[in-house]
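Peer 1: Mind having a look at this structure? Questions to follow.
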Amino acid sequence: SAVISQKPSRDICQRGTSLTIQCQVDSQVTMMFWYRQQPGQSLTLIATANQGSEATYESGFVIDKFPISRPNLTFSTLTVSNMSPEDSSIYLCSVASAETQYFGPGTRLLVL
Amino acid sequence: AQKITQTQPGMFVQEKEAVTLDCTYDTSDPSYGLFWYKQPSSGEMIFLIYQGSYDQQNATEGRYSLNFQKARKSANLVISASQLGDSAMYFCAMSPSGNTPLVFGKGTRLSVIA
């Protein structure tokens, strides 16, 4: 299994500001995924982050709003830019390891 | 495109009883994986069990078992001997391979009653 940590675990932010979420894995992985879970909803994929290439974004998510970095095989960041209250969600990173996908503990974001 | 359907928004079960959470799926991929995750109120996603589409036997992990019926495209989760700590949201998910993202169902909220 993979052990994943995320920082911060939670934050309260003002609208118009940006927040960068970090995801660290204890082993090297090719693919990392970022998901968003809005209140009372299921998980929605934001983007897939492959080391050494640009992230691939899902429909409805754009790089200007959710820039992603993947500098090496154990680390990735997701930035939520120019935040609005609609961005209040849990943001989760996940990695694939041996036919299973594991998730970080999530970042609970509240935008006022 | 892949789709996961969980038709039970909420379920109640008595402590120590068994409970089945339903999951049906739709895909045109010849091979795929099916997953169940538990999400307690803390928000973390806890991996419970995995079933590959070509696995001959149903997956089991401790008190969790996956009732996989390929012809019916169903992958129900069975929790035996429910405990109060099992109260949480449960999500069924699938992907065509380990390195592709998951598609999730809407989830089922399980409440275990003492």
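In the structure tokens, the first chain shown is A, the next is B, and so on; residue numbers restart at 1 for each chain, and ligands run from 1 in the order shown.
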What's around range 91-108 of chain A at 6 Å? Count only C-alpha atoms, leave out sequence neighbours fewer than 2 positions away in its own chain, and write the answer as a list of chain:residue names.

Peer 2: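 So the residues in contact are A:Ile4, A:Ser5, A:Ser9, A:Arg10, A:Met32, A:Phe33, A:Trp34, A:Tyr35, A:Arg36, B:Glu44, B:Met45, B:Gly98, B:Asn99.
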
Peer 1: Would you pick out the contacts of Thr74 in chain A at 8 Å or less, using only C-alpha atoms, so that residues sharing its chain but fewer than 6 positions from it are not included, and give the list as a PDB file with N, CA, C and O atoms, in the first residue's frame?

Peer 2:
```
ATOM      1  N   GLN A  24       2.053  14.334  -0.632  1.00  0.00           N
ATOM      2  CA  GLN A  24       3.332  13.622  -0.555  1.00  0.00           C
ATOM      3  C   GLN A  24       3.067  12.125  -0.411  1.00  0.00           C
ATOM      4  O   GLN A  24       2.253  11.721   0.431  1.00  0.00           O
ATOM      5  N   VAL A  25       3.759  11.314  -1.212  1.00  0.00           N
ATOM      6  CA  VAL A  25       3.602   9.863  -1.170  1.00  0.00           C
ATOM      7  C   VAL A  25       4.899   9.233  -0.684  1.00  0.00           C
ATOM      8  O   VAL A  25       5.992   9.760  -0.981  1.00  0.00           O
ATOM      9  N   ASP A  26       4.784   8.120   0.012  1.00  0.00           N
ATOM     10  CA  ASP A  26       5.983   7.495   0.588  1.00  0.00           C
ATOM     11  C   ASP A  26       6.711   6.585  -0.397  1.00  0.00           C
ATOM     12  O   ASP A  26       7.692   5.930  -0.037  1.00  0.00           O
ATOM     13  N   SER A  27       6.253   6.519  -1.641  1.00  0.00           N
ATOM     14  CA  SER A  27       6.926   5.712  -2.657  1.00  0.00           C
ATOM     15  C   SER A  27       6.751   6.397  -4.014  1.00  0.00           C
ATOM     16  O   SER A  27       5.892   7.259  -4.169  1.00  0.00           O
ATOM     17  N   GLN A  28       7.553   6.002  -4.968  1.00  0.00           N
ATOM     18  CA  GLN A  28       7.466   6.622  -6.289  1.00  0.00           C
ATOM     19  C   GLN A  28       6.264   6.059  -7.056  1.00  0.00           C
ATOM     20  O   GLN A  28       6.092   4.842  -7.139  1.00  0.00           O
ATOM     21  N   VAL A  29       5.493   6.942  -7.609  1.00  0.00           N
ATOM     22  CA  VAL A  29       4.301   6.543  -8.360  1.00  0.00           C
ATOM     23  C   VAL A  29       4.253   7.320  -9.663  1.00  0.00           C
ATOM     24  O   VAL A  29       4.666   8.485  -9.722  1.00  0.00           O
TER      25      VAL A  29
END
```

Peer 1: Based on only C-alpha atoms, which of the residues in chain B come within 12 Å of chain A? I want them as a PyMOL selection string.

Peer 2: chain B and resi 4-6+9+32-53+89-109

Peer 1: Write the residues you've just listed into a file as a compact mmCIF listing (two decimals), in the first residue's frame, and include N, CA and C atoms for each of them.

Peer 2:
```txt
# COMPACT_ATOMS: atom_id res chain seq x y z
N ILE B 4 -21.36 4.23 -12.44
CA ILE B 4 -21.62 3.47 -11.22
C ILE B 4 -22.94 3.96 -10.63
N THR B 5 -23.79 3.02 -10.26
CA THR B 5 -25.08 3.38 -9.66
C THR B 5 -25.21 2.75 -8.28
N GLN B 6 -25.43 3.62 -7.31
CA GLN B 6 -25.74 3.16 -5.96
C GLN B 6 -27.13 3.69 -5.64
N PRO B 9 -29.56 5.62 -0.87
CA PRO B 9 -28.93 6.81 -0.28
C PRO B 9 -28.55 6.57 1.18
N TYR B 32 -11.70 -4.48 -16.13
CA TYR B 32 -11.90 -3.33 -15.24
C TYR B 32 -11.74 -3.78 -13.80
N GLY B 33 -11.63 -2.82 -12.93
CA GLY B 33 -11.55 -3.09 -11.51
C GLY B 33 -12.69 -2.41 -10.78
N LEU B 34 -13.16 -3.04 -9.75
CA LEU B 34 -14.24 -2.49 -8.93
C LEU B 34 -13.72 -2.31 -7.50
N PHE B 35 -14.06 -1.20 -6.92
CA PHE B 35 -13.52 -0.81 -5.62
C PHE B 35 -14.67 -0.38 -4.69
N TRP B 36 -14.42 -0.58 -3.39
CA TRP B 36 -15.28 0.01 -2.37
C TRP B 36 -14.41 0.80 -1.40
N TYR B 37 -14.93 2.00 -1.05
CA TYR B 37 -14.25 2.86 -0.10
C TYR B 37 -15.23 3.25 1.00
N LYS B 38 -14.67 3.46 2.17
CA LYS B 38 -15.43 3.96 3.32
C LYS B 38 -14.98 5.38 3.62
N GLN B 39 -15.92 6.27 3.82
CA GLN B 39 -15.59 7.64 4.17
C GLN B 39 -16.30 8.02 5.47
N PRO B 40 -15.56 8.01 6.57
CA PRO B 40 -16.15 8.48 7.84
C PRO B 40 -16.30 9.99 7.82
N SER B 41 -16.83 10.52 8.89
CA SER B 41 -17.10 11.96 8.95
C SER B 41 -15.83 12.79 8.86
N SER B 42 -14.68 12.20 9.13
CA SER B 42 -13.40 12.91 9.02
C SER B 42 -13.07 13.28 7.57
N GLY B 43 -13.68 12.59 6.62
CA GLY B 43 -13.47 12.91 5.21
C GLY B 43 -12.47 12.05 4.49
N GLU B 44 -11.67 11.30 5.19
CA GLU B 44 -10.68 10.47 4.50
C GLU B 44 -11.38 9.34 3.75
N MET B 45 -10.76 8.88 2.69
CA MET B 45 -11.29 7.77 1.89
C MET B 45 -10.47 6.53 2.21
N ILE B 46 -11.11 5.55 2.82
CA ILE B 46 -10.43 4.34 3.26
C ILE B 46 -10.73 3.21 2.28
N PHE B 47 -9.69 2.66 1.67
CA PHE B 47 -9.88 1.56 0.74
C PHE B 47 -10.32 0.31 1.51
N LEU B 48 -11.36 -0.36 1.01
CA LEU B 48 -11.86 -1.55 1.68
C LEU B 48 -11.56 -2.83 0.90
N ILE B 49 -11.88 -2.82 -0.40
CA ILE B 49 -11.82 -4.09 -1.12
C ILE B 49 -11.79 -3.83 -2.61
N TYR B 50 -11.14 -4.74 -3.34
CA TYR B 50 -10.99 -4.62 -4.80
C TYR B 50 -11.37 -5.95 -5.45
N GLN B 51 -12.05 -5.83 -6.61
CA GLN B 51 -12.39 -7.00 -7.40
C GLN B 51 -12.02 -6.75 -8.85
N GLY B 52 -11.18 -7.61 -9.42
CA GLY B 52 -10.87 -7.50 -10.83
C GLY B 52 -11.93 -8.23 -11.64
N SER B 53 -12.19 -7.74 -12.84
CA SER B 53 -13.29 -8.30 -13.63
C SER B 53 -13.01 -9.73 -14.06
N MET B 89 -20.10 6.89 5.15
CA MET B 89 -20.49 6.82 3.74
C MET B 89 -19.67 5.75 3.06
N TYR B 90 -20.30 5.02 2.16
CA TYR B 90 -19.62 3.98 1.41
C TYR B 90 -19.78 4.26 -0.08
N PHE B 91 -18.64 4.27 -0.78
CA PHE B 91 -18.63 4.56 -2.20
C PHE B 91 -18.14 3.36 -2.99
N CYS B 92 -18.87 3.05 -4.04
CA CYS B 92 -18.46 2.06 -5.02
C CYS B 92 -17.80 2.82 -6.17
N ALA B 93 -16.74 2.26 -6.74
CA ALA B 93 -16.02 2.94 -7.81
C ALA B 93 -15.45 1.90 -8.78
N MET B 94 -15.11 2.38 -9.97
CA MET B 94 -14.49 1.48 -10.93
C MET B 94 -13.48 2.22 -11.79
N SER B 95 -12.58 1.46 -12.40
CA SER B 95 -11.65 2.00 -13.37
C SER B 95 -11.24 0.87 -14.31
N PRO B 96 -10.88 1.22 -15.55
CA PRO B 96 -10.48 0.18 -16.50
C PRO B 96 -9.12 -0.43 -16.19
N SER B 97 -8.29 0.30 -15.46
CA SER B 97 -7.00 -0.26 -15.07
C SER B 97 -6.51 0.47 -13.84
N GLY B 98 -5.45 -0.05 -13.24
CA GLY B 98 -4.96 0.55 -12.00
C GLY B 98 -4.43 1.95 -12.17
N ASN B 99 -4.01 2.31 -13.38
CA ASN B 99 -3.41 3.62 -13.57
C ASN B 99 -4.36 4.63 -14.18
N THR B 100 -5.62 4.35 -14.14
CA THR B 100 -6.61 5.31 -14.64
C THR B 100 -7.48 5.76 -13.46
N PRO B 101 -8.03 6.97 -13.57
CA PRO B 101 -8.80 7.49 -12.43
C PRO B 101 -10.09 6.70 -12.21
N LEU B 102 -10.61 6.86 -11.01
CA LEU B 102 -11.82 6.15 -10.62
C LEU B 102 -13.06 6.95 -10.98
N VAL B 103 -14.12 6.21 -11.30
CA VAL B 103 -15.45 6.79 -11.44
C VAL B 103 -16.25 6.31 -10.23
N PHE B 104 -16.88 7.25 -9.54
CA PHE B 104 -17.55 6.93 -8.29
C PHE B 104 -19.06 6.95 -8.43
N GLY B 105 -19.71 6.13 -7.59
CA GLY B 105 -21.15 6.27 -7.42
C GLY B 105 -21.45 7.39 -6.44
N LYS B 106 -22.73 7.61 -6.20
CA LYS B 106 -23.14 8.71 -5.31
C LYS B 106 -22.98 8.38 -3.84
N GLY B 107 -22.79 7.11 -3.54
CA GLY B 107 -22.55 6.72 -2.16
C GLY B 107 -23.80 6.28 -1.43
N THR B 108 -23.58 5.50 -0.37
CA THR B 108 -24.64 5.07 0.54
C THR B 108 -24.20 5.39 1.95
N ARG B 109 -25.07 6.05 2.70
CA ARG B 109 -24.76 6.35 4.10
C ARG B 109 -25.27 5.21 4.96
```

Peer 1: I'd like the neighbourhood of Lys7 in chain A as JSON, numbers by chain, where a residue qualifies if any of its atoms comes within 8 Å (using only C-alpha atoms), though same-chain residues fewer than 6 positions away should be ignored.

Peer 2: {"A": [21, 22, 23, 107]}

Peer 1: Selection from above, C-alpha atoms, as a short mmCIF file (atom, residue, chain, number, x, y, z; two decimals), in the first residue's frame, can you write it?

Peer 2:
```
data_model
loop_
_atom_site.label_atom_id
_atom_site.label_comp_id
_atom_site.auth_asym_id
_atom_site.auth_seq_id
_atom_site.Cartn_x
_atom_site.Cartn_y
_atom_site.Cartn_z
CA ILE A 21 -2.44 21.94 -1.36
CA GLN A 22 0.50 19.58 -1.09
CA CYS A 23 0.39 15.82 -1.58
CA THR A 107 -7.91 18.96 2.60
#
```

Peer 1: Step one, run DSSP on the backbone; step two, keep only residues of chain B assigned to strand (DSSP E); then write them as an NGL selection string.

Peer 2: :B and (3-5 or 10-14 or 19-21 or 24-26 or 33-39 or 46-52 or 60-61 or 64-69 or 74-79 or 88-95 or 103-104 or 108-113)

Peer 1: Just the number, please: distance in Å from CA of Val111 in chain A to CA of Asn82 in chain A, one decimal.

Peer 2: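 CA of Asn82 in chain A lies at a distance of 10.4 Å from CA of Val111 in chain A.
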
Peer 1: Separation of CA of Ser76 in chain A and CA of Glu58 in chain A, in Å?

Peer 2: 17.3 Å

Peer 1: CA of Gly60 in chain A and CA of Thr17 in chain A, how far apart in Å?

Peer 2: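 We find that CA of Thr17 in chain A and CA of Gly60 in chain A lie 20.3 Å from each other.
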
Peer 1: Out of A:Arg15, A:Pro39, A:Tyr57, A:Gln6, which residue has the shortest atom-to-atom distance to Ser81 in chain A when counting only C-alpha atoms?

Peer 2: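 Counting only C-alpha atoms, the residue closest to Ser81 in chain A is A:Arg15.
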